Structure formats: C-alpha cells, structure tokens
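Heads up, the thing below is written out as structure tokens.
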Amino acid sequence: MKSKLVWQNAGERTFVLVLDSGAEAFGEIAEFATRASLKAASLTALGAFERATVGWFDVQKKEYRPVVVDEQCEGLSLLGDIAVGDDGKASLHMHAVLGLQDGSVRGGHFLEGIVRPTLEVTIVETPAHLRRRKRPALGIALIDL
C-alpha cells in the first residue's frame, strides 16, 4: 500500500491510499488508521476486488449474515467512518456497493475484500475525537457522541 498526506490544516488531514492487487482492503485501511492515530474521519473508496464479502445485519441474532461475492467485482461505492474503539485503536466502519459482471449489484456492511487490481481510498480527518462503543443490547459498536 502506498499512502500520502495530501492536505493538512488546523487539525484536519486528508490522506490518499492506493492498495495493491492481493491486499485485504478492510485490514489494511484499519491498520493505516491506527498507525496514523486517526480519531475521527470519513472515507470514500473505489476500485475493484477479485472477491469480497459484505454483510447484512440481523438485528434478532445480533450478527452479520455474510454475503460472499466470489468473483471479480467493481467497488462502485465504498463509504465509511473511523472512530476510536473500546480497545483504544482505530475502529473502521464501512459499507459497499459492488458491481458484478452482469450489471447487478451486491451491497452491505463491508467485511472483507481482496483487491484486484487496485483500490483508491481518500480519508478526511476532522479535529474532533469520536468514540465507538459496544452496545450489548444491539450486538454492535456505534459512535457515542
């Protein structure tokens, strides 16, 4: 992965990441966010994957049902945010819309994606600090303002 700080002013930073073919996108973005000490940021990304998994959250079971896309797909829209998790590390939350060869789409909570050939990510940090806390009643962590 290549990364570059492209703008910085008054506590706000903008980074551009370019992930290489074979990289696992969610893990690499989360690792970058921890290394860069991101406390509150939004992100957008586009590119493609050789395979990916999104999830649909089952409120009754308090878990994500995986939706596996086991084919080359385009990342038509990947959006997310970064906050600080209960463990003190960067907590990444992303959603994705993936385009398939026949023009259909799959979408949901982004769980995993193996990049092919590239993924371009823009991260915009704000000077605020956001905290994501586990909500036992829901089974997921949400931003706590």
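FYI, nothing fancy with the structure tokens labels: chains A, B, ... in order, residues from 1 per chain, ligands from 1 as they appear.
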
All strand (DSSP E) positions in segment 11-129 of chain A, as a PDB file with C-alpha atoms, in the first residue's frame:
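Output file selection.pdb is given in full below:
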```pdb
ATOM      1  CA  GLU A  12      -7.647  18.334   9.675  1.00  0.00           C
ATOM      2  CA  ARG A  13      -5.721  15.971   7.423  1.00  0.00           C
ATOM      3  CA  THR A  14      -6.513  14.317   4.121  1.00  0.00           C
ATOM      4  CA  PHE A  15      -4.770  11.108   3.084  1.00  0.00           C
ATOM      5  CA  VAL A  16      -4.888   9.164  -0.151  1.00  0.00           C
ATOM      6  CA  LEU A  17      -4.152   5.428  -0.003  1.00  0.00           C
ATOM      7  CA  VAL A  18      -3.580   3.183  -3.008  1.00  0.00           C
ATOM      8  CA  LEU A  19      -3.872  -0.520  -2.235  1.00  0.00           C
ATOM      9  CA  ASP A  20      -2.191  -3.063  -4.473  1.00  0.00           C
ATOM     10  CA  ALA A  41     -12.503  10.591   9.964  1.00  0.00           C
ATOM     11  CA  SER A  42     -14.652   9.776   6.978  1.00  0.00           C
ATOM     12  CA  LEU A  43     -13.550   7.793   3.968  1.00  0.00           C
ATOM     13  CA  THR A  44     -14.536   7.045   0.411  1.00  0.00           C
ATOM     14  CA  ALA A  45     -13.016   4.479  -1.912  1.00  0.00           C
ATOM     15  CA  LEU A  46     -13.327   2.990  -5.355  1.00  0.00           C
ATOM     16  CA  GLY A  47     -11.577   0.239  -7.230  1.00  0.00           C
ATOM     17  CA  ALA A  48     -12.095  -3.471  -7.691  1.00  0.00           C
ATOM     18  CA  PHE A  49     -11.821  -6.825  -5.941  1.00  0.00           C
ATOM     19  CA  GLU A  50     -11.142 -10.390  -7.009  1.00  0.00           C
ATOM     20  CA  ARG A  51     -13.609 -11.358  -4.280  1.00  0.00           C
ATOM     21  CA  ALA A  52     -15.309  -9.609  -1.396  1.00  0.00           C
ATOM     22  CA  THR A  53     -17.705 -10.174   1.474  1.00  0.00           C
ATOM     23  CA  VAL A  54     -20.354  -7.763   2.646  1.00  0.00           C
ATOM     24  CA  GLY A  55     -22.798  -8.365   5.442  1.00  0.00           C
ATOM     25  CA  TRP A  56     -26.419  -7.808   6.301  1.00  0.00           C
ATOM     26  CA  PHE A  57     -27.025  -7.176   9.997  1.00  0.00           C
ATOM     27  CA  ASP A  58     -29.613  -9.497  11.551  1.00  0.00           C
ATOM     28  CA  GLU A  63     -24.735 -10.708  13.916  1.00  0.00           C
ATOM     29  CA  TYR A  64     -23.852 -10.055  10.316  1.00  0.00           C
ATOM     30  CA  ARG A  65     -25.019 -12.548   7.719  1.00  0.00           C
ATOM     31  CA  PRO A  66     -22.209 -12.742   5.166  1.00  0.00           C
ATOM     32  CA  VAL A  67     -22.954 -12.073   1.504  1.00  0.00           C
ATOM     33  CA  VAL A  68     -19.991 -13.567  -0.367  1.00  0.00           C
ATOM     34  CA  VAL A  69     -19.142 -12.227  -3.811  1.00  0.00           C
ATOM     35  CA  CYS A  73     -16.367  -7.074  -8.843  1.00  0.00           C
ATOM     36  CA  GLU A  74     -16.157  -3.312  -9.041  1.00  0.00           C
ATOM     37  CA  GLY A  75     -16.232  -1.230  -5.883  1.00  0.00           C
ATOM     38  CA  LEU A  76     -18.868   1.221  -7.095  1.00  0.00           C
ATOM     39  CA  SER A  77     -19.213   2.977  -3.770  1.00  0.00           C
ATOM     40  CA  LEU A  78     -17.374   2.365  -0.525  1.00  0.00           C
ATOM     41  CA  LEU A  79     -18.142   4.766   2.311  1.00  0.00           C
ATOM     42  CA  GLY A  80     -17.158   4.733   5.919  1.00  0.00           C
ATOM     43  CA  ASP A  81     -16.005   6.375   9.081  1.00  0.00           C
ATOM     44  CA  ILE A  82     -13.250   5.915  11.602  1.00  0.00           C
ATOM     45  CA  ALA A  83     -13.586   6.432  15.339  1.00  0.00           C
ATOM     46  CA  VAL A  84     -11.754   5.167  18.411  1.00  0.00           C
ATOM     47  CA  ALA A  90      -8.999   2.928  15.257  1.00  0.00           C
ATOM     48  CA  SER A  91     -12.426   1.404  14.610  1.00  0.00           C
ATOM     49  CA  LEU A  92     -13.340   1.255  10.927  1.00  0.00           C
ATOM     50  CA  HIS A  93     -16.969   1.042   9.750  1.00  0.00           C
ATOM     51  CA  MET A  94     -17.581   0.710   6.006  1.00  0.00           C
ATOM     52  CA  HIS A  95     -20.432  -0.049   3.631  1.00  0.00           C
ATOM     53  CA  ALA A  96     -20.028  -1.081   0.000  1.00  0.00           C
ATOM     54  CA  VAL A  97     -21.939  -1.390  -3.223  1.00  0.00           C
ATOM     55  CA  LEU A  98     -20.233  -3.920  -5.506  1.00  0.00           C
ATOM     56  CA  GLY A  99     -20.961  -4.165  -9.219  1.00  0.00           C
ATOM     57  CA  VAL A 105     -25.014  -5.265  -7.522  1.00  0.00           C
ATOM     58  CA  ARG A 106     -24.439  -6.614  -4.037  1.00  0.00           C
ATOM     59  CA  GLY A 107     -24.145  -4.334  -1.070  1.00  0.00           C
ATOM     60  CA  GLY A 108     -23.938  -4.148   2.671  1.00  0.00           C
ATOM     61  CA  HIS A 109     -21.550  -3.724   5.577  1.00  0.00           C
ATOM     62  CA  PHE A 110     -18.049  -4.190   4.120  1.00  0.00           C
ATOM     63  CA  LEU A 111     -16.351  -7.128   5.849  1.00  0.00           C
ATOM     64  CA  GLU A 112     -13.519  -8.122   3.514  1.00  0.00           C
ATOM     65  CA  GLY A 113     -12.198  -7.545   0.022  1.00  0.00           C
ATOM     66  CA  ILE A 114      -9.151  -8.861  -1.829  1.00  0.00           C
ATOM     67  CA  VAL A 115      -8.049  -6.024  -4.107  1.00  0.00           C
ATOM     68  CA  ARG A 116      -7.636  -6.600  -7.831  1.00  0.00           C
ATOM     69  CA  PRO A 117      -6.185  -4.583  -9.483  1.00  0.00           C
ATOM     70  CA  THR A 118      -6.322  -1.522  -7.183  1.00  0.00           C
ATOM     71  CA  LEU A 119      -8.313   0.340  -4.556  1.00  0.00           C
ATOM     72  CA  GLU A 120      -8.050   4.114  -4.122  1.00  0.00           C
ATOM     73  CA  VAL A 121      -9.077   5.448  -0.724  1.00  0.00           C
ATOM     74  CA  THR A 122      -9.474   9.048   0.433  1.00  0.00           C
ATOM     75  CA  ILE A 123      -9.577   9.639   4.192  1.00  0.00           C
ATOM     76  CA  VAL A 124     -10.552  13.033   5.622  1.00  0.00           C
ATOM     77  CA  GLU A 125      -9.786  13.501   9.296  1.00  0.00           C
TER      78      GLU A 125
END
```

Would you list, as a ChimeraX atom specification, the residues of segment 5-101 of chain A that end up in alpha helix (DSSP H) under DSSP run on this structure's backbone?
/A:25-35

Quote the spacing between atom CA of Thr34 of chain A and atom CA of Lys89 of chain A in Å to one decimal place.
5.9 Å

Which is closer to Lys134 of chain A than all the others in A:Lys61, A:Gly85, A:Asn9, A:Glu24, using only C-alpha atoms?
A:Gly85

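Interatomic distance, atom CA of Gly11 of chain A against atom CA of Ala33 of chain A: 15.5 Å.
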
Atom CA of Asp86 of chain A and atom CA of Arg135 of chain A are how many Å apart?
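We find that atom CA of Asp86 of chain A and atom CA of Arg135 of chain A lie 10.8 Å from each other.
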